[in-house]
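Engineer: Sharing final.txt here; it has compact mmCIF, N, CA and C atoms.
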# COMPACT_ATOMS: atom_id res chain seq x y z
N MET A 145 13.52 16.10 -51.41
CA MET A 145 12.47 17.08 -51.26
C MET A 145 11.36 16.77 -52.25
N LYS A 146 10.10 16.91 -51.80
CA LYS A 146 8.97 16.63 -52.66
C LYS A 146 8.79 17.72 -53.71
N GLU A 147 8.23 17.30 -54.83
CA GLU A 147 7.91 18.28 -55.87
C GLU A 147 6.71 19.09 -55.41
N ALA A 148 6.64 20.32 -55.86
CA ALA A 148 5.54 21.21 -55.47
C ALA A 148 4.18 20.65 -55.89
N SER A 149 4.12 19.97 -57.01
CA SER A 149 2.84 19.46 -57.50
C SER A 149 2.34 18.28 -56.65
N SER A 150 3.22 17.58 -55.95
CA SER A 150 2.78 16.43 -55.16
C SER A 150 2.43 16.81 -53.72
N TYR A 151 2.60 18.08 -53.40
CA TYR A 151 2.29 18.54 -52.04
C TYR A 151 0.79 18.61 -51.84
N SER A 152 0.33 18.14 -50.68
CA SER A 152 -1.08 18.31 -50.33
C SER A 152 -1.16 18.96 -48.96
N PRO A 153 -2.15 19.82 -48.76
CA PRO A 153 -2.25 20.52 -47.48
C PRO A 153 -2.61 19.57 -46.35
N PRO A 154 -2.34 19.97 -45.12
CA PRO A 154 -2.74 19.14 -43.98
C PRO A 154 -4.25 18.89 -44.02
N GLU A 155 -4.64 17.77 -43.47
CA GLU A 155 -6.04 17.36 -43.55
C GLU A 155 -6.99 18.42 -43.01
N HIS A 156 -6.62 19.08 -41.88
CA HIS A 156 -7.52 20.06 -41.28
C HIS A 156 -7.68 21.31 -42.15
N LEU A 157 -6.80 21.51 -43.12
CA LEU A 157 -6.94 22.65 -44.02
C LEU A 157 -7.47 22.26 -45.39
N SER A 158 -7.62 20.98 -45.64
CA SER A 158 -8.11 20.55 -46.94
C SER A 158 -9.63 20.59 -47.01
N THR A 159 -10.30 20.68 -45.86
CA THR A 159 -11.77 20.68 -45.86
C THR A 159 -12.36 22.06 -45.60
N GLU A 160 -11.52 23.04 -45.24
CA GLU A 160 -12.01 24.39 -45.00
C GLU A 160 -10.95 25.40 -45.42
N SER A 161 -11.38 26.62 -45.61
CA SER A 161 -10.42 27.66 -46.00
C SER A 161 -9.56 28.04 -44.81
N TYR A 162 -8.45 28.68 -45.09
CA TYR A 162 -7.56 29.11 -44.01
C TYR A 162 -8.23 30.16 -43.13
N VAL A 163 -9.06 31.00 -43.72
CA VAL A 163 -9.78 32.02 -42.95
C VAL A 163 -10.74 31.34 -41.97
N GLU A 164 -11.44 30.32 -42.43
CA GLU A 164 -12.35 29.58 -41.55
C GLU A 164 -11.57 28.89 -40.43
N PHE A 165 -10.40 28.36 -40.76
CA PHE A 165 -9.55 27.72 -39.76
C PHE A 165 -9.11 28.74 -38.70
N GLU A 166 -8.71 29.93 -39.15
CA GLU A 166 -8.30 30.97 -38.20
C GLU A 166 -9.46 31.39 -37.30
N LEU A 167 -10.64 31.56 -37.89
CA LEU A 167 -11.81 31.93 -37.12
C LEU A 167 -12.14 30.87 -36.08
N ARG A 168 -12.12 29.62 -36.49
CA ARG A 168 -12.41 28.52 -35.56
C ARG A 168 -11.38 28.47 -34.44
N SER A 169 -10.13 28.71 -34.77
CA SER A 169 -9.07 28.72 -33.75
C SER A 169 -9.30 29.82 -32.73
N ALA A 170 -9.67 31.00 -33.19
CA ALA A 170 -9.93 32.12 -32.28
C ALA A 170 -11.13 31.83 -31.38
N ILE A 171 -12.18 31.30 -31.95
CA ILE A 171 -13.38 30.99 -31.17
C ILE A 171 -13.09 29.89 -30.15
N ASN A 172 -12.31 28.90 -30.55
CA ASN A 172 -11.97 27.81 -29.63
C ASN A 172 -11.15 28.29 -28.44
N LEU A 173 -10.44 29.39 -28.57
CA LEU A 173 -9.70 29.97 -27.44
C LEU A 173 -10.53 31.00 -26.70
N LEU A 174 -11.40 31.68 -27.41
CA LEU A 174 -12.21 32.72 -26.79
C LEU A 174 -13.17 32.15 -25.76
N ASN A 175 -13.84 31.07 -26.09
CA ASN A 175 -14.83 30.50 -25.17
C ASN A 175 -14.23 30.07 -23.83
N PRO A 176 -13.11 29.34 -23.81
CA PRO A 176 -12.51 28.99 -22.50
C PRO A 176 -12.01 30.23 -21.75
N MET A 177 -11.52 31.22 -22.47
CA MET A 177 -11.04 32.43 -21.81
C MET A 177 -12.20 33.14 -21.12
N VAL A 178 -13.31 33.31 -21.81
CA VAL A 178 -14.48 33.96 -21.22
C VAL A 178 -14.97 33.16 -20.02
N SER A 179 -14.99 31.86 -20.14
CA SER A 179 -15.43 31.00 -19.04
C SER A 179 -14.55 31.19 -17.80
N GLU A 180 -13.24 31.21 -17.99
CA GLU A 180 -12.31 31.39 -16.87
C GLU A 180 -12.47 32.77 -16.23
N LEU A 181 -12.65 33.78 -17.06
CA LEU A 181 -12.80 35.13 -16.52
C LEU A 181 -14.11 35.29 -15.74
N LYS A 182 -15.16 34.60 -16.19
CA LYS A 182 -16.42 34.63 -15.45
C LYS A 182 -16.26 33.96 -14.08
N LYS A 183 -15.54 32.84 -14.04
CA LYS A 183 -15.30 32.15 -12.77
C LYS A 183 -14.48 33.03 -11.85
N LEU A 184 -13.50 33.72 -12.40
CA LEU A 184 -12.65 34.61 -11.61
C LEU A 184 -13.47 35.74 -11.02
N LYS A 185 -14.43 36.22 -11.76
CA LYS A 185 -15.30 37.30 -11.29
C LYS A 185 -16.14 36.85 -10.09
N LEU A 186 -16.55 35.58 -10.11
CA LEU A 186 -17.36 35.06 -9.02
C LEU A 186 -16.57 34.92 -7.72
N ARG A 187 -15.34 34.45 -7.87
CA ARG A 187 -14.52 34.22 -6.67
C ARG A 187 -13.04 34.31 -7.04
N LEU A 188 -12.35 35.20 -6.40
CA LEU A 188 -10.94 35.44 -6.67
C LEU A 188 -10.09 34.51 -5.81
N ILE A 189 -9.62 33.43 -6.44
CA ILE A 189 -8.73 32.50 -5.74
C ILE A 189 -7.50 32.25 -6.62
N LYS A 190 -6.46 31.76 -6.00
CA LYS A 190 -5.16 31.56 -6.65
C LYS A 190 -5.28 30.73 -7.93
N GLU A 191 -6.00 29.63 -7.85
CA GLU A 191 -6.13 28.73 -9.00
C GLU A 191 -6.83 29.42 -10.18
N ARG A 192 -7.85 30.20 -9.89
CA ARG A 192 -8.57 30.90 -10.96
C ARG A 192 -7.74 32.02 -11.56
N VAL A 193 -6.92 32.68 -10.74
CA VAL A 193 -6.01 33.70 -11.27
C VAL A 193 -5.06 33.03 -12.26
N HIS A 194 -4.51 31.89 -11.87
CA HIS A 194 -3.58 31.18 -12.73
C HIS A 194 -4.26 30.75 -14.03
N LYS A 195 -5.42 30.12 -13.94
CA LYS A 195 -6.11 29.63 -15.13
C LYS A 195 -6.53 30.79 -16.04
N SER A 196 -6.90 31.90 -15.45
CA SER A 196 -7.28 33.08 -16.25
C SER A 196 -6.06 33.62 -17.00
N ARG A 197 -4.93 33.67 -16.32
CA ARG A 197 -3.71 34.14 -16.97
C ARG A 197 -3.30 33.21 -18.12
N VAL A 198 -3.41 31.92 -17.90
CA VAL A 198 -3.08 30.95 -18.95
C VAL A 198 -4.01 31.14 -20.15
N ALA A 199 -5.30 31.29 -19.89
CA ALA A 199 -6.26 31.48 -20.98
C ALA A 199 -5.97 32.76 -21.75
N LEU A 200 -5.66 33.83 -21.04
CA LEU A 200 -5.33 35.10 -21.70
C LEU A 200 -4.04 35.00 -22.51
N ARG A 201 -3.05 34.34 -21.97
CA ARG A 201 -1.78 34.20 -22.69
C ARG A 201 -1.96 33.34 -23.95
N ARG A 202 -2.78 32.31 -23.86
CA ARG A 202 -3.07 31.50 -25.06
C ARG A 202 -3.76 32.35 -26.12
N TRP A 203 -4.73 33.15 -25.66
CA TRP A 203 -5.44 34.03 -26.59
C TRP A 203 -4.47 34.97 -27.29
N PHE A 204 -3.60 35.63 -26.53
CA PHE A 204 -2.67 36.57 -27.12
C PHE A 204 -1.67 35.88 -28.04
N SER A 205 -1.34 34.65 -27.74
CA SER A 205 -0.43 33.89 -28.59
C SER A 205 -1.03 33.69 -29.98
N VAL A 206 -2.26 33.24 -30.02
CA VAL A 206 -2.93 33.02 -31.30
C VAL A 206 -3.29 34.35 -31.95
N TRP A 207 -3.68 35.33 -31.13
CA TRP A 207 -4.08 36.62 -31.70
C TRP A 207 -2.90 37.28 -32.42
N GLY A 208 -1.70 37.04 -31.97
CA GLY A 208 -0.54 37.59 -32.67
C GLY A 208 -0.50 37.15 -34.12
N LEU A 209 -0.82 35.89 -34.37
CA LEU A 209 -0.85 35.38 -35.74
C LEU A 209 -2.03 35.95 -36.52
N LEU A 210 -3.19 36.03 -35.85
CA LEU A 210 -4.37 36.56 -36.52
C LEU A 210 -4.18 38.04 -36.86
N SER A 211 -3.55 38.74 -35.97
CA SER A 211 -3.27 40.16 -36.20
C SER A 211 -2.40 40.35 -37.44
N ASP A 212 -1.40 39.50 -37.58
CA ASP A 212 -0.52 39.56 -38.75
C ASP A 212 -1.29 39.31 -40.04
N ASP A 213 -2.38 38.55 -39.94
CA ASP A 213 -3.19 38.24 -41.12
C ASP A 213 -4.30 39.27 -41.36
N GLY A 214 -4.32 40.33 -40.57
CA GLY A 214 -5.26 41.41 -40.82
C GLY A 214 -6.57 41.36 -40.06
N TRP A 215 -6.65 40.57 -39.01
CA TRP A 215 -7.89 40.46 -38.24
C TRP A 215 -8.06 41.60 -37.25
N GLU A 216 -7.04 42.36 -37.01
CA GLU A 216 -7.08 43.38 -35.97
C GLU A 216 -7.38 44.75 -36.56
N LYS A 217 -8.40 45.38 -36.03
CA LYS A 217 -8.74 46.75 -36.42
C LYS A 217 -8.34 47.67 -35.28
N LYS A 218 -8.15 48.93 -35.59
CA LYS A 218 -7.69 49.91 -34.60
C LYS A 218 -8.66 50.00 -33.42
N LYS A 219 -9.95 50.01 -33.70
CA LYS A 219 -10.96 50.11 -32.65
C LYS A 219 -10.91 48.89 -31.73
N PHE A 220 -10.73 47.71 -32.29
CA PHE A 220 -10.65 46.48 -31.50
C PHE A 220 -9.40 46.50 -30.63
N LYS A 221 -8.31 46.95 -31.21
CA LYS A 221 -7.04 47.02 -30.48
C LYS A 221 -7.17 47.92 -29.26
N LYS A 222 -7.78 49.08 -29.47
CA LYS A 222 -7.93 50.06 -28.39
C LYS A 222 -8.98 49.63 -27.37
N GLY A 223 -10.10 49.11 -27.85
CA GLY A 223 -11.22 48.81 -26.97
C GLY A 223 -11.19 47.45 -26.30
N VAL A 224 -10.48 46.49 -26.89
CA VAL A 224 -10.48 45.13 -26.35
C VAL A 224 -9.08 44.68 -25.95
N LEU A 225 -8.16 44.74 -26.88
CA LEU A 225 -6.83 44.19 -26.61
C LEU A 225 -6.07 44.96 -25.53
N LYS A 226 -6.14 46.27 -25.59
CA LYS A 226 -5.41 47.08 -24.60
C LYS A 226 -5.92 46.80 -23.18
N PRO A 227 -7.25 46.80 -22.95
CA PRO A 227 -7.73 46.46 -21.60
C PRO A 227 -7.38 45.02 -21.18
N LEU A 228 -7.42 44.09 -22.13
CA LEU A 228 -7.06 42.70 -21.78
C LEU A 228 -5.59 42.59 -21.40
N ARG A 229 -4.73 43.30 -22.11
CA ARG A 229 -3.30 43.28 -21.76
C ARG A 229 -3.08 43.88 -20.37
N GLN A 230 -3.78 44.97 -20.08
CA GLN A 230 -3.66 45.59 -18.77
C GLN A 230 -4.17 44.64 -17.69
N PHE A 231 -5.27 43.97 -17.96
CA PHE A 231 -5.83 43.02 -17.00
C PHE A 231 -4.86 41.86 -16.76
N LEU A 232 -4.24 41.37 -17.82
CA LEU A 232 -3.24 40.30 -17.69
C LEU A 232 -2.08 40.76 -16.81
N LYS A 233 -1.66 41.98 -17.01
CA LYS A 233 -0.58 42.54 -16.21
C LYS A 233 -1.00 42.63 -14.74
N GLU A 234 -2.22 43.08 -14.49
CA GLU A 234 -2.72 43.20 -13.11
C GLU A 234 -2.86 41.83 -12.46
N LEU A 235 -3.28 40.83 -13.23
CA LEU A 235 -3.37 39.47 -12.69
C LEU A 235 -1.98 38.95 -12.32
N GLY A 236 -1.00 39.30 -13.13
CA GLY A 236 0.39 38.91 -12.81
C GLY A 236 0.86 39.56 -11.53
N GLU A 237 0.55 40.82 -11.32
CA GLU A 237 0.92 41.50 -10.09
C GLU A 237 0.17 40.91 -8.90
N LEU A 238 -1.08 40.55 -9.10
CA LEU A 238 -1.87 39.92 -8.04
C LEU A 238 -1.27 38.56 -7.66
N ARG A 239 -0.86 37.82 -8.67
CA ARG A 239 -0.27 36.50 -8.45
C ARG A 239 1.00 36.62 -7.61
N ASP A 240 1.82 37.62 -7.91
CA ASP A 240 3.08 37.80 -7.21
C ASP A 240 2.81 38.30 -5.80
Would you give me this structure, written as structure tokens?
Structural biologist:
Amino acid sequence: MKEASSYSPPEHLSTESYVEFELRSAINLLNPMVSELKKLKLRLIKERVHKSRVALRRWFSVWGLLSDDGWEKKKFKKGVLKPLRQFLKELGELRD
């Protein structure tokens, strides 16, 4: 096992703070999710339902970690996350 003093952080975390890394991760998932949802709004087809569900599930996967780190406020949870979870559920029912 390496000594604590010889440990160095992963390269992607050595050039920016962890908060900046988390923000960048959220934004990198948010943009594709919004893009997929816009396409779904234009035309409801099986492939777009699937891609929208995948984008939403990826978002919620990362958001779980961000939430644990304090990024989630009560207003955001009620106004954004709750409707998105409901929408994901409805997309799943539509898919079935």
Engineer: Using DSSP on the backbone coordinates, identify the residues of chain A assigned to helix (DSSP H, G or I); present them as a ChimeraX atom specification.
Structural biologist: /A:148-150,155-158,162-186,190-212,218-239
Engineer: How many Å lie between atom N of A:Val206 and atom N of A:Leu174, rounded to one decimal?
Structural biologist: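 Going from atom N of A:Val206 over to atom N of A:Leu174 covers 9.6 Å.
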Engineer: Taking (-7.8, 34.1, -20.0) in the file's coordinates as the center, which residues reach within 7 Å of it, counting only N, CA and C atoms, put as a compact mmCIF listing (two decimals) with N, CA and C atoms, in the frame of the given file?
Structural biologist:
# COMPACT_ATOMS: atom_id res chain seq x y z
N PRO A 176 -13.11 29.34 -23.81
CA PRO A 176 -12.51 28.99 -22.50
C PRO A 176 -12.01 30.23 -21.75
N MET A 177 -11.52 31.22 -22.47
CA MET A 177 -11.04 32.43 -21.81
C MET A 177 -12.20 33.14 -21.12
N VAL A 178 -13.31 33.31 -21.81
CA VAL A 178 -14.48 33.96 -21.22
C VAL A 178 -14.97 33.16 -20.02
N GLU A 180 -13.24 31.21 -17.99
CA GLU A 180 -12.31 31.39 -16.87
C GLU A 180 -12.47 32.77 -16.23
N LEU A 181 -12.65 33.78 -17.06
CA LEU A 181 -12.80 35.13 -16.52
C LEU A 181 -14.11 35.29 -15.74
N LYS A 195 -5.42 30.12 -13.94
CA LYS A 195 -6.11 29.63 -15.13
C LYS A 195 -6.53 30.79 -16.04
N SER A 196 -6.90 31.90 -15.45
CA SER A 196 -7.28 33.08 -16.25
C SER A 196 -6.06 33.62 -17.00
N ARG A 197 -4.93 33.67 -16.32
CA ARG A 197 -3.71 34.14 -16.97
C ARG A 197 -3.30 33.21 -18.12
N VAL A 198 -3.41 31.92 -17.90
CA VAL A 198 -3.08 30.95 -18.95
C VAL A 198 -4.01 31.14 -20.15
N ALA A 199 -5.30 31.29 -19.89
CA ALA A 199 -6.26 31.48 -20.98
C ALA A 199 -5.97 32.76 -21.75
N LEU A 200 -5.66 33.83 -21.04
CA LEU A 200 -5.33 35.10 -21.70
C LEU A 200 -4.04 35.00 -22.51
N ARG A 201 -3.05 34.34 -21.97
CA ARG A 201 -1.78 34.20 -22.69
C ARG A 201 -1.96 33.34 -23.95
N ARG A 202 -2.78 32.31 -23.86
CA ARG A 202 -3.07 31.50 -25.06
C ARG A 202 -3.76 32.35 -26.12
N TRP A 203 -4.73 33.15 -25.66
CA TRP A 203 -5.44 34.03 -26.59
C TRP A 203 -4.47 34.97 -27.29
Engineer: Find the residues around A:Leu225 up to 12 Å (only C-alpha atoms counted), leave out those fewer than 4 positions away in its own chain, and share them as a list in words.
Structural biologist: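 After dropping sequence-adjacent residues, the list is Leu200, Arg201, Trp203, Phe204, Trp207, Gly208, Ser211, Glu216, Lys217, Lys218, Lys219, Phe220, Lys221, Arg229, Gln230, Phe231 and Leu232 of chain A.
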Engineer: How would the residues just chosen look if you wrote them out with N, CA and C atoms as a short mmCIF file (atom, residue, chain, number, x, y, z; two decimals), in the coordinates of the input?
Structural biologist:
data_model
loop_
_atom_site.label_atom_id
_atom_site.label_comp_id
_atom_site.auth_asym_id
_atom_site.auth_seq_id
_atom_site.Cartn_x
_atom_site.Cartn_y
_atom_site.Cartn_z
N LEU A 200 -5.66 33.83 -21.04
CA LEU A 200 -5.33 35.10 -21.70
C LEU A 200 -4.04 35.00 -22.51
N ARG A 201 -3.05 34.34 -21.97
CA ARG A 201 -1.78 34.20 -22.69
C ARG A 201 -1.96 33.34 -23.95
N TRP A 203 -4.73 33.15 -25.66
CA TRP A 203 -5.44 34.03 -26.59
C TRP A 203 -4.47 34.97 -27.29
N PHE A 204 -3.60 35.63 -26.53
CA PHE A 204 -2.67 36.57 -27.12
C PHE A 204 -1.67 35.88 -28.04
N TRP A 207 -3.68 35.33 -31.13
CA TRP A 207 -4.08 36.62 -31.70
C TRP A 207 -2.90 37.28 -32.42
N GLY A 208 -1.70 37.04 -31.97
CA GLY A 208 -0.54 37.59 -32.67
C GLY A 208 -0.50 37.15 -34.12
N SER A 211 -3.55 38.74 -35.97
CA SER A 211 -3.27 40.16 -36.20
C SER A 211 -2.40 40.35 -37.44
N GLU A 216 -7.04 42.36 -37.01
CA GLU A 216 -7.08 43.38 -35.97
C GLU A 216 -7.38 44.75 -36.56
N LYS A 217 -8.40 45.38 -36.03
CA LYS A 217 -8.74 46.75 -36.42
C LYS A 217 -8.34 47.67 -35.28
N LYS A 218 -8.15 48.93 -35.59
CA LYS A 218 -7.69 49.91 -34.60
C LYS A 218 -8.66 50.00 -33.42
N LYS A 219 -9.95 50.01 -33.70
CA LYS A 219 -10.96 50.11 -32.65
C LYS A 219 -10.91 48.89 -31.73
N PHE A 220 -10.73 47.71 -32.29
CA PHE A 220 -10.65 46.48 -31.50
C PHE A 220 -9.40 46.50 -30.63
N LYS A 221 -8.31 46.95 -31.21
CA LYS A 221 -7.04 47.02 -30.48
C LYS A 221 -7.17 47.92 -29.26
N ARG A 229 -4.73 43.30 -22.11
CA ARG A 229 -3.30 43.28 -21.76
C ARG A 229 -3.08 43.88 -20.37
N GLN A 230 -3.78 44.97 -20.08
CA GLN A 230 -3.66 45.59 -18.77
C GLN A 230 -4.17 44.64 -17.69
N PHE A 231 -5.27 43.97 -17.96
CA PHE A 231 -5.83 43.02 -17.00
C PHE A 231 -4.86 41.86 -16.76
N LEU A 232 -4.24 41.37 -17.82
CA LEU A 232 -3.24 40.30 -17.69
C LEU A 232 -2.08 40.76 -16.81
#
Engineer: Between atom CA of A:Leu209 and atom N of A:Ala170, what is the spacing in Å?
Structural biologist: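 For atom N of A:Ala170 relative to atom CA of A:Leu209, the distance reads 10.2 Å.
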Engineer: In Å, rounded to a single decimal, give me how far atom CA of A:Ser205 is from atom CA of A:Leu173.
Structural biologist: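 One can read the atom CA of A:Leu173 to atom CA of A:Ser205 distance as 10.1 Å.
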Engineer: Would you give the centre and edge lengths, in Å to one decimal, of a box along x, y and z around the listed atoms of stretch 218-223 of chain A, with 5 Å added to each side, as JSON?
Structural biologist:
{"center_x": -9.1, "center_y": 48.3, "center_z": -30.9, "size_x": 14.2, "size_y": 13.6, "size_z": 19.3}
Engineer: Could you model N, CA, C and O atoms for stretch 180-202 of chain A and present them as a CSV table (one decimal), keeping the file's coordinate frame?
Structural biologist:
chain,number,residue,atom,x,y,z
A,180,GLU,N,-13.2,31.2,-18.0
A,180,GLU,CA,-12.3,31.4,-16.9
A,180,GLU,C,-12.5,32.8,-16.2
A,180,GLU,O,-12.4,32.9,-15.0
A,181,LEU,N,-12.6,33.8,-17.1
A,181,LEU,CA,-12.8,35.1,-16.5
A,181,LEU,C,-14.1,35.3,-15.7
A,181,LEU,O,-14.2,36.0,-14.7
A,182,LYS,N,-15.2,34.6,-16.2
A,182,LYS,CA,-16.4,34.6,-15.4
A,182,LYS,C,-16.3,34.0,-14.1
A,182,LYS,O,-16.8,34.4,-13.1
A,183,LYS,N,-15.5,32.8,-14.0
A,183,LYS,CA,-15.3,32.2,-12.8
A,183,LYS,C,-14.5,33.0,-11.8
A,183,LYS,O,-14.7,33.1,-10.6
A,184,LEU,N,-13.5,33.7,-12.4
A,184,LEU,CA,-12.6,34.6,-11.6
A,184,LEU,C,-13.5,35.7,-11.0
A,184,LEU,O,-13.3,36.1,-9.9
A,185,LYS,N,-14.4,36.2,-11.8
A,185,LYS,CA,-15.3,37.3,-11.3
A,185,LYS,C,-16.1,36.8,-10.1
A,185,LYS,O,-16.4,37.6,-9.2
A,186,LEU,N,-16.6,35.6,-10.1
A,186,LEU,CA,-17.4,35.1,-9.0
A,186,LEU,C,-16.6,34.9,-7.7
A,186,LEU,O,-17.1,35.2,-6.6
A,187,ARG,N,-15.3,34.4,-7.9
A,187,ARG,CA,-14.5,34.2,-6.7
A,187,ARG,C,-13.0,34.3,-7.0
A,187,ARG,O,-12.6,33.6,-7.9
A,188,LEU,N,-12.4,35.2,-6.4
A,188,LEU,CA,-10.9,35.4,-6.7
A,188,LEU,C,-10.1,34.5,-5.8
A,188,LEU,O,-9.9,34.8,-4.6
A,189,ILE,N,-9.6,33.4,-6.4
A,189,ILE,CA,-8.7,32.5,-5.7
A,189,ILE,C,-7.5,32.2,-6.6
A,189,ILE,O,-7.5,32.5,-7.8
A,190,LYS,N,-6.5,31.8,-6.0
A,190,LYS,CA,-5.2,31.6,-6.6
A,190,LYS,C,-5.3,30.7,-7.9
A,190,LYS,O,-4.7,31.1,-9.0
A,191,GLU,N,-6.0,29.6,-7.8
A,191,GLU,CA,-6.1,28.7,-9.0
A,191,GLU,C,-6.8,29.4,-10.2
A,191,GLU,O,-6.4,29.3,-11.3
A,192,ARG,N,-7.8,30.2,-9.9
A,192,ARG,CA,-8.6,30.9,-11.0
A,192,ARG,C,-7.7,32.0,-11.6
A,192,ARG,O,-7.8,32.3,-12.7
A,193,VAL,N,-6.9,32.7,-10.7
A,193,VAL,CA,-6.0,33.7,-11.3
A,193,VAL,C,-5.1,33.0,-12.3
A,193,VAL,O,-4.9,33.5,-13.4
A,194,HIS,N,-4.5,31.9,-11.9
A,194,HIS,CA,-3.6,31.2,-12.7
A,194,HIS,C,-4.3,30.8,-14.0
A,194,HIS,O,-3.7,31.0,-15.1
A,195,LYS,N,-5.4,30.1,-13.9
A,195,LYS,CA,-6.1,29.6,-15.1
A,195,LYS,C,-6.5,30.8,-16.0
A,195,LYS,O,-6.5,30.7,-17.3
A,196,SER,N,-6.9,31.9,-15.4
A,196,SER,CA,-7.3,33.1,-16.2
A,196,SER,C,-6.1,33.6,-17.0
A,196,SER,O,-6.2,34.0,-18.2
A,197,ARG,N,-4.9,33.7,-16.3
A,197,ARG,CA,-3.7,34.1,-17.0
A,197,ARG,C,-3.3,33.2,-18.1
A,197,ARG,O,-2.9,33.7,-19.2
A,198,VAL,N,-3.4,31.9,-17.9
A,198,VAL,CA,-3.1,31.0,-19.0
A,198,VAL,C,-4.0,31.1,-20.2
A,198,VAL,O,-3.6,31.2,-21.3
A,199,ALA,N,-5.3,31.3,-19.9
A,199,ALA,CA,-6.3,31.5,-21.0
A,199,ALA,C,-6.0,32.8,-21.8
A,199,ALA,O,-6.0,32.8,-23.0
A,200,LEU,N,-5.7,33.8,-21.0
A,200,LEU,CA,-5.3,35.1,-21.7
A,200,LEU,C,-4.0,35.0,-22.5
A,200,LEU,O,-4.0,35.5,-23.6
A,201,ARG,N,-3.0,34.3,-22.0
A,201,ARG,CA,-1.8,34.2,-22.7
A,201,ARG,C,-2.0,33.3,-24.0
A,201,ARG,O,-1.4,33.6,-25.0
A,202,ARG,N,-2.8,32.3,-23.9
A,202,ARG,CA,-3.1,31.5,-25.1
A,202,ARG,C,-3.8,32.4,-26.1
A,202,ARG,O,-3.5,32.3,-27.3
